[in-house]
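**Q** Encoded as structure tokens, here's the structure I'll be asking about.
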Amino acid sequence: MSSLEHPGIRKVAEALPPATAARIVVLPDAARTAAAAAQAVGVQVGAIANSLVFAAVRDGEAAPLLVLTSGAHRADTSLVAALVGADAVKRADPEFVREHTGQVIGGVSPVGHPAPIETVVDESLSGYEEIWAAAGHPHAVYPTTFADLVALTGGRVAAVSA
């Protein structure tokens, strides 16, 4: 089985427009961090869209929240909680991430999840002509644009770091 046949990558490819899916790149080494991904594809770390899954807690109930942040920034969870009206936003554990995305930490894509996930897109990503995101596996990435990232995810554009 080739890496492009991996179930996680295949689900992402199915969720992307065909022209974008055709540009999925399978890397020889895992790119679990923005720095590793940037080095692998030859771009600035800020042009990497980190897919961070959080547990947004509202009235004691945790729901998944996807924050797509520039690799050059860290998400401010207090700021993000206020943006989405949550009591708290906490880093999700690996089981929570897999349950809600069908993907593993280090390879979570902005798309291809079992069900839609509330998404916030870091406005600083708009400063890059091309953005790279994970494609459902730590070895897979794809290029996209800020406008396409927002449109495909239905995400709300906001500042996610102070």
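By convention in this document, the chains of the structure tokens carry letters A, B, ... by their order, each chain's residues are numbered from 1, and ligands are numbered from 1 in the order they are shown.
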So which residues touch Leu83 in chain A within 12 Å, counting only C-alpha atoms, skipping near sequence neighbours fewer than 6 positions away, as a compact mmCIF listing (two decimals) with C-alpha atoms, in the first residue's frame?
**A**
# COMPACT_ATOMS: atom_id res chain seq x y z
CA ALA A 56 -13.91 23.65 24.34
CA LEU A 65 -12.55 22.92 18.61
CA VAL A 67 -7.72 26.13 15.77
CA ALA A 75 -2.66 29.93 20.32
CA ASP A 76 -3.70 31.85 23.43
CA THR A 77 -6.32 29.54 24.96
CA VAL A 89 -10.30 25.75 26.09
CA GLU A 118 -16.06 24.21 14.98
CA THR A 119 -12.99 25.94 13.54
CA VAL A 120 -11.11 29.19 14.12
CA VAL A 121 -8.54 30.26 11.51
CA ASP A 122 -5.61 32.46 12.58
CA ARG A 156 -14.13 31.92 11.70
CA VAL A 157 -11.15 34.20 11.02
CA ALA A 158 -9.70 35.75 14.17
CA ALA A 159 -6.53 36.65 16.02
CA VAL A 160 -5.66 33.58 18.09
CA SER A 161 -2.49 34.87 19.75
**Q** I'd like the neighbourhood of Pro114 in chain A as a ChimeraX atom specification, where a residue qualifies if any of its atoms comes within 7 Å (using only C-alpha atoms), though same-chain residues fewer than 5 positions away should be ignored.
**A** /A:100-102
**Q** Show which residues sit within 8 Å of Leu27 in chain A, as a PyMOL selection string. Count only C-alpha atoms, and ignore same-chain residues fewer than 6 positions away.
**A** chain A and resi 40+139-141
**Q** Skip range 47-52 of chain A itself and residues of its chain fewer than 4 positions away, then list as a list in words all residues within 7 Å of it, counting only C-alpha atoms.
**A**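 Answer for this query is Ala34, Ala38, Val43, Leu66, Val67, Leu68, Thr69, Ser70, Gly71, Val108, Ser109, Pro110, Leu125, Tyr128, Glu130, Ile131, Trp132 and Ala133 of chain A.
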**Q** Output the selection as a short mmCIF file (atom, residue, chain, number, x, y, z; two decimals), in the first residue's frame - C-alpha atoms for each residue.
**A**
data_model
loop_
_atom_site.label_atom_id
_atom_site.label_comp_id
_atom_site.auth_asym_id
_atom_site.auth_seq_id
_atom_site.Cartn_x
_atom_site.Cartn_y
_atom_site.Cartn_z
CA ALA A 34 5.53 23.34 12.09
CA ALA A 38 8.42 24.12 6.94
CA VAL A 43 8.75 27.59 3.34
CA LEU A 66 -10.05 23.13 15.77
CA VAL A 67 -7.72 26.13 15.77
CA LEU A 68 -5.70 26.58 12.60
CA THR A 69 -2.80 28.75 13.65
CA SER A 70 0.30 29.95 11.89
CA GLY A 71 3.35 27.90 12.76
CA VAL A 108 -4.40 16.37 11.82
CA SER A 109 -5.72 18.03 8.70
CA PRO A 110 -8.11 20.97 8.59
CA LEU A 125 -2.15 33.06 7.88
CA TYR A 128 1.01 34.07 3.04
CA GLU A 130 0.53 29.70 -0.07
CA ILE A 131 -0.11 27.81 3.16
CA TRP A 132 0.80 24.19 3.88
CA ALA A 133 -1.40 21.96 6.04
#
**Q** Given the choices A:Leu152, A:Thr33, A:Val26, A:Glu61, which gets closest to His6 in chain A if the distance is worked out from only C-alpha atoms?
**A**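 The closest residue to His6 in chain A is A:Val26.
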**Q** Would you mind reading off the distance between CA of Ala88 in chain A and CA of Ile105 in chain A, one decimal, in Å?
**A**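 So the answer is 20.8 Å.
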**Q** How would you write, as a PyMOL selection string, the set of residues in range 5-65 of chain A that DSSP gives as alpha helix (DSSP H)?
**A** chain A and resi 7-15+18-21+34-41
**Q** Please save N, CA and C atoms of the selected residues as a PDB file, in the first residue's frame.
**A**
ATOM      1  N   PRO A   7      -5.721   5.385   4.861  1.00  0.00           N
ATOM      2  CA  PRO A   7      -7.102   5.846   5.057  1.00  0.00           C
ATOM      3  C   PRO A   7      -7.227   7.308   5.472  1.00  0.00           C
ATOM      4  N   GLY A   8      -6.334   7.787   6.334  1.00  0.00           N
ATOM      5  CA  GLY A   8      -6.399   9.184   6.757  1.00  0.00           C
ATOM      6  C   GLY A   8      -6.137  10.142   5.605  1.00  0.00           C
ATOM      7  N   ILE A   9      -5.152   9.837   4.797  1.00  0.00           N
ATOM      8  CA  ILE A   9      -4.824  10.684   3.642  1.00  0.00           C
ATOM      9  C   ILE A   9      -5.953  10.618   2.617  1.00  0.00           C
ATOM     10  N   ARG A  10      -6.488   9.431   2.408  1.00  0.00           N
ATOM     11  CA  ARG A  10      -7.572   9.265   1.431  1.00  0.00           C
ATOM     12  C   ARG A  10      -8.794  10.094   1.829  1.00  0.00           C
ATOM     13  N   LYS A  11      -9.143  10.105   3.129  1.00  0.00           N
ATOM     14  CA  LYS A  11     -10.300  10.902   3.577  1.00  0.00           C
ATOM     15  C   LYS A  11     -10.063  12.392   3.364  1.00  0.00           C
ATOM     16  N   VAL A  12      -8.831  12.838   3.600  1.00  0.00           N
ATOM     17  CA  VAL A  12      -8.508  14.242   3.362  1.00  0.00           C
ATOM     18  C   VAL A  12      -8.609  14.549   1.877  1.00  0.00           C
ATOM     19  N   ALA A  13      -8.039  13.682   1.043  1.00  0.00           N
ATOM     20  CA  ALA A  13      -8.094  13.891  -0.412  1.00  0.00           C
ATOM     21  C   ALA A  13      -9.534  13.983  -0.908  1.00  0.00           C
ATOM     22  N   GLU A  14     -10.410  13.159  -0.347  1.00  0.00           N
ATOM     23  CA  GLU A  14     -11.823  13.183  -0.739  1.00  0.00           C
ATOM     24  C   GLU A  14     -12.513  14.478  -0.320  1.00  0.00           C
ATOM     25  N   ALA A  15     -12.029  15.123   0.742  1.00  0.00           N
ATOM     26  CA  ALA A  15     -12.633  16.360   1.250  1.00  0.00           C
ATOM     27  C   ALA A  15     -12.110  17.609   0.539  1.00  0.00           C
ATOM     28  N   PRO A  18     -10.435  18.472  -6.193  1.00  0.00           N
ATOM     29  CA  PRO A  18      -9.516  17.563  -6.893  1.00  0.00           C
ATOM     30  C   PRO A  18      -8.145  18.164  -7.212  1.00  0.00           C
ATOM     31  N   ALA A  19      -8.101  19.418  -7.626  1.00  0.00           N
ATOM     32  CA  ALA A  19      -6.807  20.031  -7.960  1.00  0.00           C
ATOM     33  C   ALA A  19      -5.914  20.148  -6.732  1.00  0.00           C
ATOM     34  N   THR A  20      -6.498  20.398  -5.574  1.00  0.00           N
ATOM     35  CA  THR A  20      -5.720  20.480  -4.337  1.00  0.00           C
ATOM     36  C   THR A  20      -5.309  19.083  -3.880  1.00  0.00           C
ATOM     37  N   ALA A  21      -6.233  18.131  -3.950  1.00  0.00           N
ATOM     38  CA  ALA A  21      -5.923  16.757  -3.552  1.00  0.00           C
ATOM     39  C   ALA A  21      -4.768  16.195  -4.371  1.00  0.00           C
ATOM     40  N   ALA A  34       5.517  22.328  13.140  1.00  0.00           N
ATOM     41  CA  ALA A  34       5.532  23.340  12.092  1.00  0.00           C
ATOM     42  C   ALA A  34       6.942  23.534  11.549  1.00  0.00           C
ATOM     43  N   ALA A  35       7.924  23.514  12.420  1.00  0.00           N
ATOM     44  CA  ALA A  35       9.313  23.696  11.985  1.00  0.00           C
ATOM     45  C   ALA A  35       9.743  22.567  11.052  1.00  0.00           C
ATOM     46  N   ALA A  36       9.391  21.339  11.392  1.00  0.00           N
ATOM     47  CA  ALA A  36       9.751  20.205  10.539  1.00  0.00           C
ATOM     48  C   ALA A  36       9.035  20.270   9.201  1.00  0.00           C
ATOM     49  N   ALA A  37       7.767  20.632   9.213  1.00  0.00           N
ATOM     50  CA  ALA A  37       7.006  20.744   7.971  1.00  0.00           C
ATOM     51  C   ALA A  37       7.570  21.859   7.088  1.00  0.00           C
ATOM     52  N   ALA A  38       7.874  22.996   7.698  1.00  0.00           N
ATOM     53  CA  ALA A  38       8.424  24.124   6.942  1.00  0.00           C
ATOM     54  C   ALA A  38       9.741  23.737   6.277  1.00  0.00           C
ATOM     55  N   GLN A  39      10.588  23.067   7.021  1.00  0.00           N
ATOM     56  CA  GLN A  39      11.868  22.640   6.462  1.00  0.00           C
ATOM     57  C   GLN A  39      11.654  21.640   5.321  1.00  0.00           C
ATOM     58  N   ALA A  40      10.712  20.722   5.490  1.00  0.00           N
ATOM     59  CA  ALA A  40      10.467  19.689   4.483  1.00  0.00           C
ATOM     60  C   ALA A  40       9.958  20.253   3.159  1.00  0.00           C
ATOM     61  N   VAL A  41       9.140  21.312   3.227  1.00  0.00           N
ATOM     62  CA  VAL A  41       8.579  21.863   1.983  1.00  0.00           C
ATOM     63  C   VAL A  41       9.230  23.170   1.560  1.00  0.00           C
TER      64      VAL A  41
END
**Q** How would you write, as a count of residues only, the set of residues in chain A that DSSP gives as strand (DSSP E)?
**A** 44
**Q** So the first atom is CA of Gly106 in chain A and the second is CA of Val53 in chain A; what is the distance between them in Å, to one decimal place?
**A**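 Interatomic distance here is 10.7 Å.
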**Q** Return the single residue from A:His113, A:Arg58, A:His137, A:His73 that is closest to Lys90 in chain A, with distances computed using only C-alpha atoms.
**A**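 Result for the nearest residue to Lys90 in chain A: A:Arg58.
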